[in-house]
Every structure is written in C-alpha cells, then in structure tokens.
$ cat protein-v7.tsv   # TSV, C-alpha atoms
chain	number	residue	atom	x	y	z
W	11	MET	CA	20.59	-75.63	-90.23
W	12	GLY	CA	23.15	-75.27	-87.39
W	13	ALA	CA	23.51	-77.71	-84.53
W	14	MET	CA	21.32	-76.99	-81.54
W	15	THR	CA	22.97	-76.40	-78.20
W	16	PHE	CA	21.41	-77.00	-74.84
W	17	GLN	CA	22.31	-75.48	-71.52
W	18	ASP	CA	23.07	-78.03	-68.82
W	19	LEU	CA	20.48	-77.06	-66.22
W	20	MET	CA	22.02	-79.37	-63.63
W	21	ALA	CA	25.50	-77.88	-63.90
W	22	GLY	CA	24.95	-75.15	-61.31
W	23	PRO	CA	26.72	-71.81	-61.26
W	24	PRO	CA	30.08	-71.42	-62.94
W	25	PRO	CA	33.20	-71.24	-60.74
W	26	THR	CA	34.12	-67.81	-59.44
W	27	HIS	CA	37.66	-66.64	-60.19
W	28	LEU	CA	38.69	-63.58	-58.22
W	29	PRO	CA	41.22	-61.09	-59.58
W	30	LYS	CA	44.72	-60.99	-58.16
W	31	ASP	CA	44.71	-59.71	-54.58
W	32	PRO	CA	46.51	-56.35	-54.38
W	33	ALA	CA	48.25	-57.41	-51.16
W	34	ALA	CA	49.75	-60.64	-52.54
W	35	ALA	CA	53.03	-59.07	-53.67
W	36	GLY	CA	53.73	-57.32	-50.37
W	37	LEU	CA	52.97	-60.44	-48.37
W	38	ALA	CA	55.16	-62.55	-50.69
W	39	GLU	CA	58.01	-60.06	-50.17
W	40	GLY	CA	57.73	-60.53	-46.40
W	41	THR	CA	56.06	-57.25	-45.51
W	42	PRO	CA	54.31	-57.72	-42.13
W	43	ALA	CA	50.61	-58.46	-42.62
W	44	ALA	CA	49.58	-55.58	-40.33
W	45	ASP	CA	51.49	-53.17	-42.58
W	46	VAL	CA	49.94	-54.71	-45.69
W	47	VAL	CA	46.45	-54.29	-44.20
W	48	ARG	CA	47.17	-50.61	-43.64
W	49	THR	CA	48.04	-50.28	-47.34
W	50	HIS	CA	45.34	-52.66	-48.64
W	51	PRO	CA	42.49	-52.83	-46.10
W	52	GLU	CA	40.28	-54.33	-48.83
W	53	SER	CA	42.49	-57.42	-49.11
W	54	PRO	CA	40.99	-60.74	-47.98
W	55	LEU	CA	44.45	-62.31	-48.19
W	56	ALA	CA	46.01	-59.77	-45.80
W	57	TRP	CA	43.20	-60.24	-43.25
W	58	ALA	CA	43.39	-64.03	-43.60
W	59	THR	CA	47.15	-63.86	-43.01
W	60	LEU	CA	46.59	-61.80	-39.84
W	61	ALA	CA	43.95	-64.26	-38.63
W	62	GLU	CA	46.16	-67.29	-39.28
W	63	ALA	CA	49.08	-65.68	-37.46
W	64	ALA	CA	46.85	-64.81	-34.49
W	65	LEU	CA	45.50	-68.37	-34.36
W	66	ALA	CA	49.04	-69.77	-34.42
W	67	ASP	CA	50.36	-67.36	-31.76
W	68	GLY	CA	49.37	-68.56	-28.31
W	69	SER	CA	49.81	-65.05	-26.90
W	70	VAL	CA	47.11	-63.52	-29.12
W	71	ASP	CA	43.53	-63.74	-27.90
W	72	ASP	CA	41.25	-65.97	-30.00
W	73	VAL	CA	38.72	-63.11	-30.12
W	74	THR	CA	41.31	-61.04	-32.00
W	75	ALA	CA	41.85	-63.89	-34.46
W	76	TYR	CA	38.08	-64.16	-34.89
W	77	ALA	CA	37.84	-60.43	-35.63
W	78	TYR	CA	40.61	-60.59	-38.23
W	79	ALA	CA	39.00	-63.62	-39.87
W	80	ARG	CA	35.56	-61.99	-39.84
W	81	VAL	CA	36.90	-58.87	-41.60
W	82	GLY	CA	38.66	-61.04	-44.20
W	83	TYR	CA	35.47	-63.01	-44.73
W	84	HIS	CA	33.34	-59.89	-45.25
W	85	ARG	CA	35.93	-58.31	-47.55
W	86	SER	CA	35.83	-61.57	-49.49
W	87	LEU	CA	32.05	-61.56	-49.83
W	88	ASP	CA	32.21	-58.04	-51.25
W	89	MET	CA	34.87	-59.08	-53.75
W	90	LEU	CA	33.05	-62.29	-54.70
W	91	ARG	CA	29.81	-60.40	-55.40
W	92	ARG	CA	31.64	-57.82	-57.52
W	93	ASN	CA	32.99	-60.73	-59.58
W	94	GLY	CA	29.67	-62.39	-60.40
W	95	TRP	CA	29.19	-64.74	-57.44
W	96	LYS	CA	25.50	-65.15	-56.55
W	97	GLY	CA	25.83	-66.52	-53.02
W	98	HIS	CA	26.78	-70.10	-53.86
W	99	GLY	CA	28.83	-72.14	-56.24
W	100	PRO	CA	32.44	-73.19	-56.58
W	101	VAL	CA	35.32	-70.91	-55.62
W	102	PRO	CA	38.25	-73.13	-56.65
W	103	TRP	CA	41.37	-73.36	-54.46
W	104	GLU	CA	43.32	-74.05	-57.65
W	105	HIS	CA	42.79	-70.40	-58.72
W	106	GLU	CA	45.33	-68.75	-56.43
W	107	PRO	CA	43.56	-65.35	-56.05
W	108	ASN	CA	40.62	-67.23	-54.45
W	109	ARG	CA	42.80	-68.37	-51.58
W	110	GLY	CA	42.42	-65.19	-49.52
W	111	PHE	CA	38.68	-65.85	-49.26
W	112	LEU	CA	39.11	-69.56	-48.62
W	113	ARG	CA	41.81	-68.99	-45.99
W	114	ALA	CA	39.73	-66.32	-44.23
W	115	LEU	CA	36.75	-68.67	-44.17
W	116	ALA	CA	38.84	-71.52	-42.72
W	117	ALA	CA	40.34	-69.19	-40.10
W	118	LEU	CA	36.84	-68.01	-39.20
W	119	ALA	CA	35.73	-71.62	-38.71
W	120	ILE	CA	38.66	-72.31	-36.38
W	121	ALA	CA	38.34	-69.05	-34.46
W	122	ALA	CA	34.57	-69.43	-34.07
W	123	GLU	CA	35.12	-72.90	-32.60
W	124	ARG	CA	37.74	-71.55	-30.19
W	125	ILE	CA	35.45	-68.83	-28.84
W	126	GLY	CA	32.56	-71.25	-28.44
W	127	GLU	CA	30.49	-70.14	-31.41
W	128	THR	CA	29.96	-73.73	-32.50
W	129	PRO	CA	27.01	-73.19	-34.91
W	130	GLU	CA	28.99	-70.50	-36.78
W	131	ALA	CA	32.03	-72.78	-36.94
W	132	GLY	CA	29.87	-75.48	-38.52
W	133	ARG	CA	28.37	-73.08	-41.05
W	134	CYS	CA	31.84	-71.86	-42.03
W	135	ARG	CA	33.14	-75.42	-42.41
W	136	ASP	CA	30.14	-76.33	-44.59
W	137	PHE	CA	30.55	-73.15	-46.67
W	138	LEU	CA	34.24	-73.90	-47.17
W	139	ARG	CA	33.53	-77.51	-48.19
W	140	ASP	CA	30.80	-76.35	-50.60
W	141	SER	CA	33.03	-73.65	-52.09
W	142	SER	CA	36.12	-75.82	-52.52
W	143	PRO	CA	36.53	-79.38	-51.26
W	144	THR	CA	40.25	-79.04	-52.01
W	145	ALA	CA	40.52	-75.94	-49.79
W	146	TYR	CA	38.62	-77.74	-47.04
W	147	ASP	CA	41.11	-80.62	-47.17
W	148	GLU	CA	44.13	-78.30	-47.39
W	149	LEU	CA	43.08	-75.91	-44.62
W	150	LEU	CA	41.02	-77.99	-42.21
W	151	GLY	CA	42.49	-81.41	-42.81
W	152	GLY	CA	39.53	-83.05	-44.49
$ encode --input "protein-v7.tsv" --output "structure tokens"
Amino acid sequence: MGAMTFQDLMAGPPPTHLPKDPAAAGLAEGTPAADVVRTHPESPLAWATLAEAALADGSVDDVTAYAYARVGYHRSLDMLRRNGWKGHGPVPWEHEPNRGFLRALAALAIAAERIGETPEAGRCRDFLRDSSPTAYDELLGG
C-alpha cells in the first residue's frame, strides 16, 4: 500500500506567478513609458512606471499619478485572475514579472494618500503587505 498524503489545509493559496510582462523589454531599453503604454496598454509594469514617474515629478498633478496607478492596478487584477489568483494570497516580489502589479499597487497607495483618499491608501497598503511583505518593505519603506 502506498504512503498516504495529506493536503495542508492551513497553507492557504499557492503563490501567484505572473508571466513576463510584454512591456518589460521596451522599458529596459529606455523606451519612454508613455510610448510603451501605447504599444502595450495591457501592461501593469508600463502603467506603474508612468505612475511612479508622475509621483516623482513635482510638475505632474497627483490626480494624474493616481489615474496611471489605478489603470495599472486594474490591468494587474485582470492578469492575476487569468493566472489563477482567487482574490487573495501571495504574489511574491521575488518573481520579477509580479513587480508591475506590486509597483502599481504601491503607487496607488501613495497617490491615494496625496489626493486625500486616506481609506483607499490604507487598503492598498494592507493589500500590498498581504501580497508581498518584501514588496511592501522595498516600495513603501516598511
């Protein structure tokens, strides 16, 4: 008789590992994020990059940064669901293709805070921490 195996019911959902973002190569080559978005509007990484640049640029309105981050976040949710994510569970920072989602979520937390949407900022921070404590520390400083 073979050995019995038991599922660990306390383990929770498995980590989600997104496929390589189609915009990663263009961004790595230095193509402007706005041009990359025009080529790959489905890319969470491209939208996150736009949001981060807008947040860093004092001449860009925080509402614009919020909009970029919100689009990146929603594109991420679509991609996560297509890849087996059920609404919760780890999305590891260590898996590089996950970083577009995690960066968009962090940018959304920052932008929401800046426009006074404090409850949303808190939800985004909690979601980021729950998805990847490492990403939370890397992107929001712990």
$ residues_around --input "protein-v7.tsv" --residues "Ala58 (chain W)" --least-positions-apart "2" --cutoff "9 Å" --atoms "all atoms listed in the file" --output "ChimeraX atom specification"
/W:53-56,60-63,78-83,110-118
$ residues_around --input "protein-v7.tsv" --residues "Ala75 (chain W)" --least-positions-apart "5" --cutoff "7 Å" --atoms "all atoms listed in the file" --output "PyMOL selection string"
chain W and resi 61+64-65+121
$ closest_residue --input "protein-v7.tsv" --among "W:Thr128, W:Ser69, W:Thr59, W:Ser142" --to "Asp45 (chain W)" --atoms "only C-alpha atoms"
W:Thr59
$ residues_around --input "protein-v7.tsv" --residues "Thr26 (chain W)" --least-positions-apart "3" --cutoff "12 Å" --atoms "only C-alpha atoms" --output "list in words"
Gly22, Pro23, Pro29, Ser86, Leu87, Met89, Leu90, Arg91, Arg92, Asn93, Gly94, Trp95, Lys96, Gly97, His98, Gly99, Pro100, Val101, Pro102, Trp103, Glu104, His105, Glu106, Pro107, Asn108, Arg109, Phe111, Ser141 and Ser142 of chain W
$ atom_distance --input "protein-v7.tsv" --atom1 "CA of Ala43 (chain W)" --atom2 "CA of Pro129 (chain W)"
28.9 Å
$ closest_residue --input "protein-v7.tsv" --among "W:Asp72, W:Glu52, W:Asp67, W:Glu127" --to "His84 (chain W)" --atoms "only C-alpha atoms"
W:Glu52
$ closest_residue --input "protein-v7.tsv" --among "W:Glu130, W:His50, W:Asp71, W:Asp136" --to "Leu37 (chain W)" --atoms "all atoms listed in the file"
W:His50
$ atom_distance --input "protein-v7.tsv" --atom1 "CA of Tyr76 (chain W)" --atom2 "CA of Thr41 (chain W)"
22.0 Å
$ atom_distance --input "protein-v7.tsv" --atom1 "CA of Val46 (chain W)" --atom2 "CA of Ala34 (chain W)"
9.1 Å
